[in-house]
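To be precise, the following lines are data20.cif, and they hold mmCIF, C-alpha atoms and all ligand atoms.
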```
data_start
loop_
_atom_site.label_atom_id
_atom_site.label_comp_id
_atom_site.auth_asym_id
_atom_site.auth_seq_id
_atom_site.Cartn_x
_atom_site.Cartn_y
_atom_site.Cartn_z
CA MET A 23 0.00 0.00 0.00
CA THR A 24 1.23 3.49 -0.76
CA GLU A 25 1.93 6.03 1.95
CA GLN A 26 -1.08 8.09 0.79
CA TYR A 27 -3.53 5.39 1.87
CA LYS A 28 -1.73 4.03 4.93
CA MET A 29 -3.82 4.23 8.12
CA GLN A 30 -2.13 6.64 10.50
CA ASP A 31 -2.80 8.68 13.62
CA PRO A 32 -3.63 12.13 12.19
CA THR A 33 -2.28 13.84 15.32
CA LYS A 34 1.14 12.37 14.54
CA GLN A 35 1.06 12.16 10.75
CA TYR A 36 3.03 15.40 10.57
CA ARG A 37 5.12 17.19 13.18
CA LYS A 38 4.04 20.06 15.40
CA ALA A 39 5.50 23.51 14.86
CA GLY A 40 8.52 24.59 16.93
CA PRO A 41 11.20 27.27 17.19
CA ASP A 42 12.48 26.37 13.69
CA PHE A 43 9.11 27.53 12.27
CA GLU A 44 10.05 31.10 13.25
CA GLN A 45 11.24 32.55 9.93
CA GLN A 46 10.37 35.51 7.80
CA GLN A 47 10.63 36.36 4.09
CA PRO A 48 9.35 39.32 2.10
CA PRO A 49 6.02 38.57 0.34
CA PRO A 50 5.10 36.55 -1.67
CA GLY A 51 7.58 34.14 0.00
CA ILE A 52 9.57 31.46 -1.79
CA GLU A 53 8.96 27.83 -0.85
CA GLN A 54 12.50 26.80 -1.87
CA LYS A 55 13.84 29.06 0.90
CA MET A 56 11.68 27.53 3.66
CA THR A 57 13.03 25.12 6.27
CA PRO A 58 11.38 22.84 7.12
CA LYS A 59 9.90 22.38 3.64
CA PRO A 60 6.14 22.08 3.30
CA ASP A 61 4.97 18.66 2.08
CA ALA A 62 3.23 19.04 -1.29
CA GLY A 63 2.76 15.29 -1.63
CA GLN A 64 5.40 14.84 -4.32
CA GLU A 65 6.68 11.69 -2.56
CA THR A 66 3.27 10.28 -1.64
CA TYR A 67 0.40 11.34 -3.90
CA VAL A 68 -0.66 8.55 -6.24
CA GLY A 69 -3.34 9.31 -8.81
CA THR A 70 -6.12 6.92 -9.70
CA GLY A 71 -7.36 8.50 -12.94
CA ARG A 72 -10.10 10.56 -11.32
CA LEU A 73 -9.39 13.59 -13.57
CA ALA A 74 -8.29 11.77 -16.71
CA GLY A 75 -8.24 14.13 -19.70
CA ARG A 76 -9.48 17.16 -17.75
CA LYS A 77 -8.11 20.64 -18.36
CA ALA A 78 -7.43 22.64 -15.21
CA ILE A 79 -6.41 26.15 -14.20
CA VAL A 80 -4.70 26.37 -10.80
CA THR A 81 -3.82 29.79 -9.36
CA GLY A 82 -1.05 30.08 -6.78
CA ALA A 83 0.28 26.87 -8.31
CA ASP A 84 3.96 27.50 -7.53
CA SER A 85 3.85 26.86 -3.80
CA GLY A 86 1.88 25.78 -0.77
CA ILE A 87 -1.62 24.44 -1.32
CA GLY A 88 -1.67 25.35 -5.04
CA ARG A 89 1.51 23.35 -5.63
CA ALA A 90 0.04 20.28 -3.89
CA VAL A 91 -3.15 20.62 -5.94
CA ALA A 92 -1.27 21.01 -9.25
CA ILE A 93 0.73 17.85 -8.50
CA ALA A 94 -2.40 15.92 -7.50
CA TYR A 95 -4.41 17.11 -10.53
CA ALA A 96 -1.61 16.09 -12.90
CA ARG A 97 -1.26 12.67 -11.26
CA GLU A 98 -5.04 12.24 -11.55
CA GLY A 99 -4.67 12.81 -15.30
CA ALA A 100 -5.33 16.54 -15.83
CA ASP A 101 -3.34 19.04 -17.90
CA VAL A 102 -2.71 22.21 -15.91
CA VAL A 103 -2.36 25.95 -16.52
CA LEU A 104 -0.22 27.21 -13.64
CA ALA A 105 -0.75 30.80 -12.46
CA TYR A 106 1.75 32.50 -10.12
CA LEU A 107 3.66 35.77 -9.69
CA PRO A 108 6.74 36.38 -11.90
CA GLU A 109 9.00 36.54 -8.80
CA GLU A 110 7.98 32.95 -7.99
CA GLN A 111 9.42 31.54 -11.22
CA LYS A 112 11.88 29.19 -9.47
CA ASP A 113 9.17 27.60 -7.32
CA ALA A 114 6.91 27.34 -10.37
CA GLN A 115 9.61 25.59 -12.43
CA GLU A 116 9.69 22.75 -9.90
CA VAL A 117 5.93 22.30 -10.25
CA VAL A 118 6.08 22.45 -14.06
CA LYS A 119 8.62 19.62 -13.93
CA LEU A 120 6.46 17.52 -11.57
CA VAL A 121 3.38 17.99 -13.77
CA GLN A 122 5.38 16.97 -16.84
CA GLU A 123 6.82 13.96 -15.01
CA ALA A 124 3.23 12.88 -14.40
CA GLY A 125 2.88 12.80 -18.19
CA ARG A 126 0.66 15.89 -18.39
CA LYS A 127 0.93 19.30 -20.03
CA ALA A 128 2.00 22.24 -17.86
CA ILE A 129 1.33 25.74 -19.18
CA ALA A 130 3.29 28.27 -17.06
CA MET A 131 1.58 31.66 -16.91
CA PRO A 132 3.30 34.17 -14.60
CA GLY A 133 1.35 37.35 -13.92
CA ASP A 134 -0.63 39.48 -11.49
CA LEU A 135 -4.18 38.39 -10.62
CA LYS A 136 -5.03 41.98 -9.66
CA ASP A 137 -5.14 42.57 -13.42
CA GLU A 138 -8.45 41.62 -15.10
CA ASN A 139 -6.72 41.22 -18.44
CA TYR A 140 -4.30 38.64 -17.01
CA CYS A 141 -7.22 36.67 -15.51
CA GLU A 142 -8.82 36.55 -18.96
CA GLN A 143 -5.50 35.46 -20.49
CA LEU A 144 -5.35 32.49 -18.12
CA VAL A 145 -8.68 31.21 -19.38
CA ALA A 146 -7.67 31.94 -22.99
CA ALA A 147 -4.45 29.96 -22.48
CA ALA A 148 -6.41 26.94 -21.25
CA VAL A 149 -8.75 27.15 -24.23
CA GLU A 150 -6.03 27.69 -26.83
CA GLN A 151 -3.28 25.45 -25.46
CA LEU A 152 -5.22 22.71 -23.66
CA GLY A 153 -8.47 22.80 -25.66
CA GLY A 154 -10.81 24.06 -22.94
CA VAL A 155 -11.29 24.52 -19.21
CA ASP A 156 -13.03 21.91 -17.05
CA ILE A 157 -11.61 22.84 -13.65
CA LEU A 158 -10.87 26.26 -12.19
CA ALA A 159 -9.10 26.00 -8.82
CA ASN A 160 -8.73 29.51 -7.37
CA ILE A 161 -6.06 29.04 -4.72
CA ALA A 162 -3.92 32.20 -4.91
CA GLY A 163 -4.31 34.57 -2.01
CA MET A 164 -2.74 37.51 -0.20
CA GLN A 165 -2.48 37.72 3.61
CA GLN A 166 -0.56 40.48 5.40
CA PHE A 167 -1.20 40.98 9.10
CA VAL A 168 -1.75 44.52 10.45
CA PRO A 169 -2.56 44.87 14.17
CA GLU A 170 -4.37 48.23 14.07
CA ILE A 171 -7.01 49.49 11.63
CA ALA A 172 -5.27 52.89 11.76
CA GLU A 173 -2.18 51.26 10.19
CA LEU A 174 -4.09 49.33 7.51
CA THR A 175 -3.62 51.30 4.30
CA THR A 176 -6.20 51.72 1.59
CA GLU A 177 -3.58 50.33 -0.78
CA GLN A 178 -3.30 47.06 1.17
CA PHE A 179 -7.08 46.80 1.63
CA ASP A 180 -7.44 47.24 -2.12
CA ASP A 181 -4.68 44.75 -2.97
CA THR A 182 -6.12 42.08 -0.65
CA PHE A 183 -9.58 42.45 -2.17
CA LYS A 184 -8.25 42.57 -5.74
CA THR A 185 -6.13 39.45 -5.23
CA ASN A 186 -8.58 37.38 -3.18
CA VAL A 187 -12.02 38.48 -4.43
CA TYR A 188 -11.85 40.42 -7.73
CA SER A 189 -9.64 37.75 -9.32
CA LEU A 190 -12.32 35.15 -8.49
CA PHE A 191 -14.94 37.31 -10.15
CA TRP A 192 -12.81 37.85 -13.26
CA LEU A 193 -11.66 34.23 -13.55
CA CYS A 194 -15.08 32.72 -12.90
CA LYS A 195 -16.67 35.15 -15.37
CA ALA A 196 -14.25 34.18 -18.13
CA ALA A 197 -14.24 30.46 -17.30
CA VAL A 198 -18.02 29.98 -17.06
CA LYS A 199 -18.32 31.15 -20.69
CA GLN A 200 -16.08 28.24 -21.71
CA MET A 201 -17.13 25.49 -19.30
CA LYS A 202 -19.08 22.43 -20.40
CA PRO A 203 -21.49 20.52 -18.14
CA GLY A 204 -19.46 18.54 -15.61
CA SER A 205 -17.00 21.35 -15.03
CA ALA A 206 -16.01 22.48 -11.54
CA ILE A 207 -14.95 25.68 -9.84
CA ILE A 208 -13.20 25.35 -6.49
CA ASN A 209 -12.50 28.49 -4.47
CA THR A 210 -10.35 28.82 -1.37
CA SER A 211 -11.70 30.30 1.82
CA SER A 212 -10.24 29.91 5.34
CA ILE A 213 -11.10 29.28 8.98
CA GLN A 214 -10.61 33.07 9.06
CA ALA A 215 -14.05 33.44 7.46
CA TYR A 216 -15.61 32.18 10.74
CA GLN A 217 -12.96 32.88 13.38
CA PRO A 218 -11.34 36.12 12.16
CA SER A 219 -8.08 37.15 13.81
CA PRO A 220 -8.00 40.78 14.94
CA ILE A 221 -4.76 41.27 12.97
CA LEU A 222 -6.25 39.96 9.69
CA LEU A 223 -9.14 42.40 9.21
CA ASP A 224 -8.87 42.74 5.43
CA TYR A 225 -7.89 39.12 4.74
CA ALA A 226 -10.57 37.54 6.95
CA THR A 227 -13.21 39.75 5.34
CA THR A 228 -12.22 38.57 1.85
CA LYS A 229 -12.49 34.94 2.96
CA ALA A 230 -16.07 35.45 4.17
CA ALA A 231 -16.81 37.14 0.84
CA ILE A 232 -15.41 34.12 -1.02
CA ASN A 233 -17.82 31.78 0.80
CA THR A 234 -20.81 33.94 -0.06
CA PHE A 235 -19.68 34.58 -3.65
CA SER A 236 -19.38 30.83 -4.14
CA LYS A 237 -22.82 30.03 -2.70
CA SER A 238 -24.41 32.61 -4.99
CA LEU A 239 -22.52 31.59 -8.12
CA ALA A 240 -23.18 27.90 -7.41
CA GLN A 241 -26.94 28.48 -7.74
CA GLN A 242 -26.51 30.68 -10.78
CA VAL A 243 -24.54 28.14 -12.85
CA ALA A 244 -26.09 24.90 -11.55
CA SER A 245 -28.44 24.66 -14.55
CA LYS A 246 -25.38 24.78 -16.83
CA GLY A 247 -24.06 21.66 -15.07
CA ILE A 248 -21.22 23.56 -13.38
CA CYS A 249 -20.57 22.97 -9.68
CA VAL A 250 -18.98 25.63 -7.47
CA ASN A 251 -17.50 24.63 -4.12
CA VAL A 252 -15.02 25.89 -1.56
CA VAL A 253 -12.16 24.47 0.45
CA ALA A 254 -11.55 26.27 3.75
CA PRO A 255 -8.15 25.37 5.18
CA GLY A 256 -7.00 25.91 8.75
CA PRO A 257 -3.36 26.61 9.63
CA VAL A 258 -1.23 25.09 6.85
CA TRP A 259 2.56 25.35 6.60
CA THR A 260 3.15 27.47 3.46
CA PRO A 261 5.07 30.58 2.29
CA LEU A 262 1.95 32.72 2.91
CA GLN A 263 2.37 32.41 6.66
CA ILE A 264 6.10 33.22 6.82
CA SER A 265 5.98 36.22 4.45
CA GLY A 266 3.88 38.63 6.51
CA GLY A 267 0.88 36.35 7.06
CA GLN A 268 1.63 35.99 10.79
CA PRO A 269 3.94 37.71 13.27
CA GLN A 270 7.19 35.72 13.39
CA ASP A 271 7.02 34.95 17.11
CA VAL A 272 3.68 33.08 16.94
CA LEU A 273 4.91 30.64 14.27
CA LYS A 274 6.54 28.31 16.82
CA GLU A 275 3.00 27.60 18.05
CA PHE A 276 1.47 27.49 14.56
CA GLY A 277 -1.49 25.10 14.50
CA ALA A 278 -1.09 24.12 18.16
CA LYS A 279 -4.60 25.28 19.09
CA THR A 280 -6.39 23.04 16.58
CA PRO A 281 -8.00 19.90 18.06
CA LEU A 282 -5.50 17.76 16.11
CA GLY A 283 -2.76 19.82 17.75
CA ARG A 284 -0.51 20.54 14.78
CA PRO A 285 -0.37 22.53 11.55
CA GLY A 286 -1.63 20.96 8.36
CA GLN A 287 0.51 20.36 5.29
CA PRO A 288 -0.43 21.26 1.69
CA ALA A 289 -0.51 17.53 0.84
CA GLU A 290 -3.46 17.19 3.22
CA MET A 291 -5.45 19.85 1.34
CA ALA A 292 -5.03 18.45 -2.19
CA PRO A 293 -7.46 15.49 -1.86
CA ALA A 294 -10.30 17.92 -1.05
CA TYR A 295 -9.61 19.84 -4.28
CA VAL A 296 -9.43 16.57 -6.23
CA PHE A 297 -12.75 15.36 -4.82
CA LEU A 298 -14.51 18.64 -5.62
CA ALA A 299 -13.08 18.63 -9.17
CA SER A 300 -14.01 15.02 -9.87
CA GLN A 301 -17.28 13.34 -10.80
CA GLU A 302 -17.37 11.87 -7.29
CA SER A 303 -18.79 15.18 -6.04
CA SER A 304 -21.51 15.32 -8.73
CA TYR A 305 -24.34 16.15 -6.27
CA ILE A 306 -22.40 18.72 -4.25
CA SER A 307 -22.48 22.43 -5.07
CA GLY A 308 -22.31 25.59 -2.98
CA GLU A 309 -20.58 23.61 -0.22
CA THR A 310 -17.53 24.47 1.86
CA LEU A 311 -15.21 21.63 2.82
CA ASN A 312 -13.32 22.61 5.96
CA ALA A 313 -9.86 21.07 6.22
CA ASN A 314 -8.73 22.72 9.42
CA GLY A 315 -7.53 20.20 11.98
CA GLY A 316 -10.94 19.79 13.57
CA MET A 317 -11.99 23.34 14.44
CA PRO A 318 -15.81 23.67 14.57
CA THR A 319 -17.36 25.77 11.81
CA PRO A 320 -20.90 27.01 11.17
P1 LIG X 1 1.23 30.31 -0.85
O1 LIG X 1 1.98 31.53 -0.52
O2 LIG X 1 2.00 29.11 -1.18
O3 LIG X 1 0.21 30.58 -2.01
C1 LIG X 1 -0.38 31.81 -2.30
C2 LIG X 1 -0.09 32.10 -3.74
O4 LIG X 1 -0.91 33.19 -4.15
C3 LIG X 1 1.32 32.52 -4.06
O5 LIG X 1 2.15 31.42 -4.33
C4 LIG X 1 1.13 33.39 -5.30
O6 LIG X 1 1.43 32.65 -6.46
C5 LIG X 1 -0.33 33.71 -5.30
N1 LIG X 1 -0.56 35.14 -5.38
C6 LIG X 1 -0.62 36.03 -4.37
N2 LIG X 1 -0.84 37.26 -4.86
C7 LIG X 1 -0.94 37.14 -6.21
C8 LIG X 1 -1.17 38.04 -7.27
N3 LIG X 1 -1.38 39.34 -7.07
N4 LIG X 1 -1.18 37.55 -8.53
C9 LIG X 1 -0.97 36.24 -8.76
N5 LIG X 1 -0.77 35.34 -7.80
C10 LIG X 1 -0.76 35.78 -6.54
O7 LIG X 1 0.28 30.06 0.42
P2 LIG X 1 -0.94 29.07 0.67
O8 LIG X 1 -1.12 29.08 2.13
O9 LIG X 1 -0.78 27.80 -0.04
O10 LIG X 1 -2.17 29.89 0.08
C11 LIG X 1 -3.10 29.32 -0.82
C12 LIG X 1 -4.51 29.70 -0.41
O11 LIG X 1 -4.83 29.06 0.81
C13 LIG X 1 -4.74 31.19 -0.19
O12 LIG X 1 -5.97 31.56 -0.80
C14 LIG X 1 -4.85 31.30 1.30
O13 LIG X 1 -5.65 32.39 1.68
C15 LIG X 1 -5.49 29.98 1.64
N6 LIG X 1 -5.35 29.59 3.03
C16 LIG X 1 -4.13 29.30 3.54
C17 LIG X 1 -4.03 28.94 4.86
C18 LIG X 1 -2.70 28.62 5.49
O14 LIG X 1 -2.62 28.48 6.71
N7 LIG X 1 -1.64 28.48 4.75
C19 LIG X 1 -5.17 28.87 5.67
C20 LIG X 1 -6.41 29.17 5.10
C21 LIG X 1 -6.49 29.52 3.78
MG MG X 2 4.25 31.13 -3.92
#
```
Translate the structure of the given file into structure tokens.
Ligand code: NAD
Ligand code: MG
Amino acid sequence: MTEQYKMQDPTKQYRKAGPDFEQQQPPPGIEQKMTPKPDAGQETYVGTGRLAGRKAIVTGADSGIGRAVAIAYAREGADVVLAYLPEEQKDAQEVVKLVQEAGRKAIAMPGDLKDENYCEQLVAAAVEQLGGVDILANIAGMQQFVPEIAELTTEQFDDTFKTNVYSLFWLCKAAVKQMKPGSAIINTSSIQAYQPSPILLDYATTKAAINTFSKSLAQQVASKGICVNVVAPGPVWTPLQISGGQPQDVLKEFGAKTPLGRPGQPAEMAPAYVFLASQESSYISGETLNANGGMPTP
């Protein structure tokens, strides 16, 4: 049996945080420079053909949860358009290689999701270079903590909303025009939508917006045979958290307050995105799948 399916104690499957988690990089953060490295499932994820022949767009595909999802989608048989920021090229190259090693096409598309035109280009690239778009996994996100509202600039508030919410609007708008029945949109919320940290005012607000956006859109496009769902992670060890997402001194305790007592790893998020992209979730739309170490949600 492969590691992916081995029965294990989830409290011990991955380590707890510790003093070595205390590290800081400028945003957007580079996964290659993190120690310890997040687990994107490259050693463990085994596909079973659940997305054979599908054409997917994955944003934030260079690192963290997006990287784990891109690897999983490719190993499940999907070709992937990878969206990421130009400064993340080195992280993205590793993912391109892993997708290709899975025998699938990888279309690398660096750019800024705050730009509507770029969002449209991502969908156009899937249509022109892969032949369509069946899966849109919106995983990119911006999180910068600011303790006081007086210090939160309009520029940051704008950037957080543009990156986390407007890009969803633009990408969904362009993708829905192309999607055939059976297609899936998966958006990324957070435990922050329900338990907002005082230092993440702008970010937490966007995550609540993403839940509501998804529930509305899900009803709107259901008759077209398109399902829209959400994954809401809890604390997951990724570049987002060590590049301004959290104050450095709290990282040694990262994930300690979850019932499972440890942070999650990107590899533990990917199966949720696979399920919601596959035919196995055919009667599920407008739902949020919480993958957060056991924290209660509404
Ligand atoms: P990550 O840093 O690996 O991924 C975020 C990605 O967003 C970056 O790699 C970058 O490519 C992309 N991005 C940010 N701004 C962009 C822009 N303007 N244009 C294009 N791309 C941009 O971190 P992650 O934790 O894997 O984040 C993925 C998603 O998971 C985010 O939506 C985040 O809010 C969500 N999330 C993460 C956690 C966590 O604890 N890590 C918890 C809940 C939700
Ligand atoms: Mg990144």
Taking only C-alpha atoms and all ligand atoms into account, which residues are within 7 Å of ligand MG 2 (chain X), as a VMD selection string? chain A and resid 50 to 53 82 84 to 86 106 110 113 261
Might you pull out every residue within 12 Å of stretch 170-172 of chain A, with only C-alpha atoms counted and same-chain residues fewer than 3 positions away left off, and present them as an MDAnalysis selection string? chainID A and resid 167 175:176 178:179 219:224
What is the atom CA of A:Gly315 to atom CA of A:Leu193 distance in Å?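 Distance between the two atoms: 29.4 Å.
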May I have the residues within 7 Å of ligand LIG 1 (chain X), computed using all atoms listed in the file, as number ranges by chain? A: 50-51, 81-88, 105-107, 110, 133-136, 161-165, 185-186, 210-214, 254-263, 288
So which one's closest to A:Ala278, A:Val117, A:Met29, A:Val168, A:Ala39? Using all atoms listed in the file, please. A:Ala39
Stretch 186-199 of chain A rebuilt with N, CA, C and O atoms, output as a PDB file, keeping the file's coordinate frame:
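Heads up, here's the output in part-v9.pdb:
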```
ATOM      1  N   ASN A 186      -7.793  38.500  -3.730  1.00  0.00           N
ATOM      2  CA  ASN A 186      -8.580  37.380  -3.180  1.00  0.00           C
ATOM      3  C   ASN A 186     -10.009  37.316  -3.721  1.00  0.00           C
ATOM      4  O   ASN A 186     -10.566  36.223  -3.824  1.00  0.00           O
ATOM      5  N   VAL A 187     -10.595  38.464  -4.046  1.00  0.00           N
ATOM      6  CA  VAL A 187     -12.020  38.480  -4.430  1.00  0.00           C
ATOM      7  C   VAL A 187     -12.220  38.872  -5.906  1.00  0.00           C
ATOM      8  O   VAL A 187     -12.869  38.143  -6.651  1.00  0.00           O
ATOM      9  N   TYR A 188     -11.655  39.988  -6.337  1.00  0.00           N
ATOM     10  CA  TYR A 188     -11.850  40.420  -7.730  1.00  0.00           C
ATOM     11  C   TYR A 188     -11.330  39.371  -8.715  1.00  0.00           C
ATOM     12  O   TYR A 188     -11.959  39.116  -9.743  1.00  0.00           O
ATOM     13  N   SER A 189     -10.195  38.763  -8.392  1.00  0.00           N
ATOM     14  CA  SER A 189      -9.640  37.750  -9.320  1.00  0.00           C
ATOM     15  C   SER A 189     -10.612  36.580  -9.477  1.00  0.00           C
ATOM     16  O   SER A 189     -10.733  36.023 -10.563  1.00  0.00           O
ATOM     17  N   LEU A 190     -11.308  36.224  -8.391  1.00  0.00           N
ATOM     18  CA  LEU A 190     -12.320  35.150  -8.490  1.00  0.00           C
ATOM     19  C   LEU A 190     -13.423  35.543  -9.455  1.00  0.00           C
ATOM     20  O   LEU A 190     -13.864  34.751 -10.288  1.00  0.00           O
ATOM     21  N   PHE A 191     -13.880  36.784  -9.279  1.00  0.00           N
ATOM     22  CA  PHE A 191     -14.940  37.310 -10.150  1.00  0.00           C
ATOM     23  C   PHE A 191     -14.489  37.255 -11.610  1.00  0.00           C
ATOM     24  O   PHE A 191     -15.184  36.719 -12.473  1.00  0.00           O
ATOM     25  N   TRP A 192     -13.302  37.789 -11.880  1.00  0.00           N
ATOM     26  CA  TRP A 192     -12.810  37.850 -13.260  1.00  0.00           C
ATOM     27  C   TRP A 192     -12.571  36.455 -13.841  1.00  0.00           C
ATOM     28  O   TRP A 192     -12.934  36.176 -14.989  1.00  0.00           O
ATOM     29  N   LEU A 193     -11.960  35.573 -13.038  1.00  0.00           N
ATOM     30  CA  LEU A 193     -11.660  34.230 -13.550  1.00  0.00           C
ATOM     31  C   LEU A 193     -12.926  33.402 -13.736  1.00  0.00           C
ATOM     32  O   LEU A 193     -13.073  32.707 -14.751  1.00  0.00           O
ATOM     33  N   CYS A 194     -13.828  33.488 -12.778  1.00  0.00           N
ATOM     34  CA  CYS A 194     -15.080  32.720 -12.900  1.00  0.00           C
ATOM     35  C   CYS A 194     -15.883  33.226 -14.104  1.00  0.00           C
ATOM     36  O   CYS A 194     -16.438  32.443 -14.870  1.00  0.00           O
ATOM     37  N   LYS A 195     -15.921  34.550 -14.266  1.00  0.00           N
ATOM     38  CA  LYS A 195     -16.670  35.150 -15.370  1.00  0.00           C
ATOM     39  C   LYS A 195     -16.154  34.637 -16.723  1.00  0.00           C
ATOM     40  O   LYS A 195     -16.940  34.229 -17.588  1.00  0.00           O
ATOM     41  N   ALA A 196     -14.837  34.641 -16.870  1.00  0.00           N
ATOM     42  CA  ALA A 196     -14.250  34.180 -18.130  1.00  0.00           C
ATOM     43  C   ALA A 196     -14.386  32.660 -18.287  1.00  0.00           C
ATOM     44  O   ALA A 196     -14.642  32.163 -19.390  1.00  0.00           O
ATOM     45  N   ALA A 197     -14.228  31.922 -17.203  1.00  0.00           N
ATOM     46  CA  ALA A 197     -14.240  30.460 -17.300  1.00  0.00           C
ATOM     47  C   ALA A 197     -15.636  29.911 -17.570  1.00  0.00           C
ATOM     48  O   ALA A 197     -15.794  28.979 -18.377  1.00  0.00           O
ATOM     49  N   VAL A 198     -16.648  30.483 -16.906  1.00  0.00           N
ATOM     50  CA  VAL A 198     -18.020  29.980 -17.060  1.00  0.00           C
ATOM     51  C   VAL A 198     -18.449  30.007 -18.529  1.00  0.00           C
ATOM     52  O   VAL A 198     -19.156  29.106 -19.001  1.00  0.00           O
ATOM     53  N   LYS A 199     -17.984  31.041 -19.255  1.00  0.00           N
ATOM     54  CA  LYS A 199     -18.320  31.150 -20.690  1.00  0.00           C
ATOM     55  C   LYS A 199     -17.799  29.952 -21.487  1.00  0.00           C
ATOM     56  O   LYS A 199     -18.319  29.626 -22.545  1.00  0.00           O
TER      57      LYS A 199
END
```
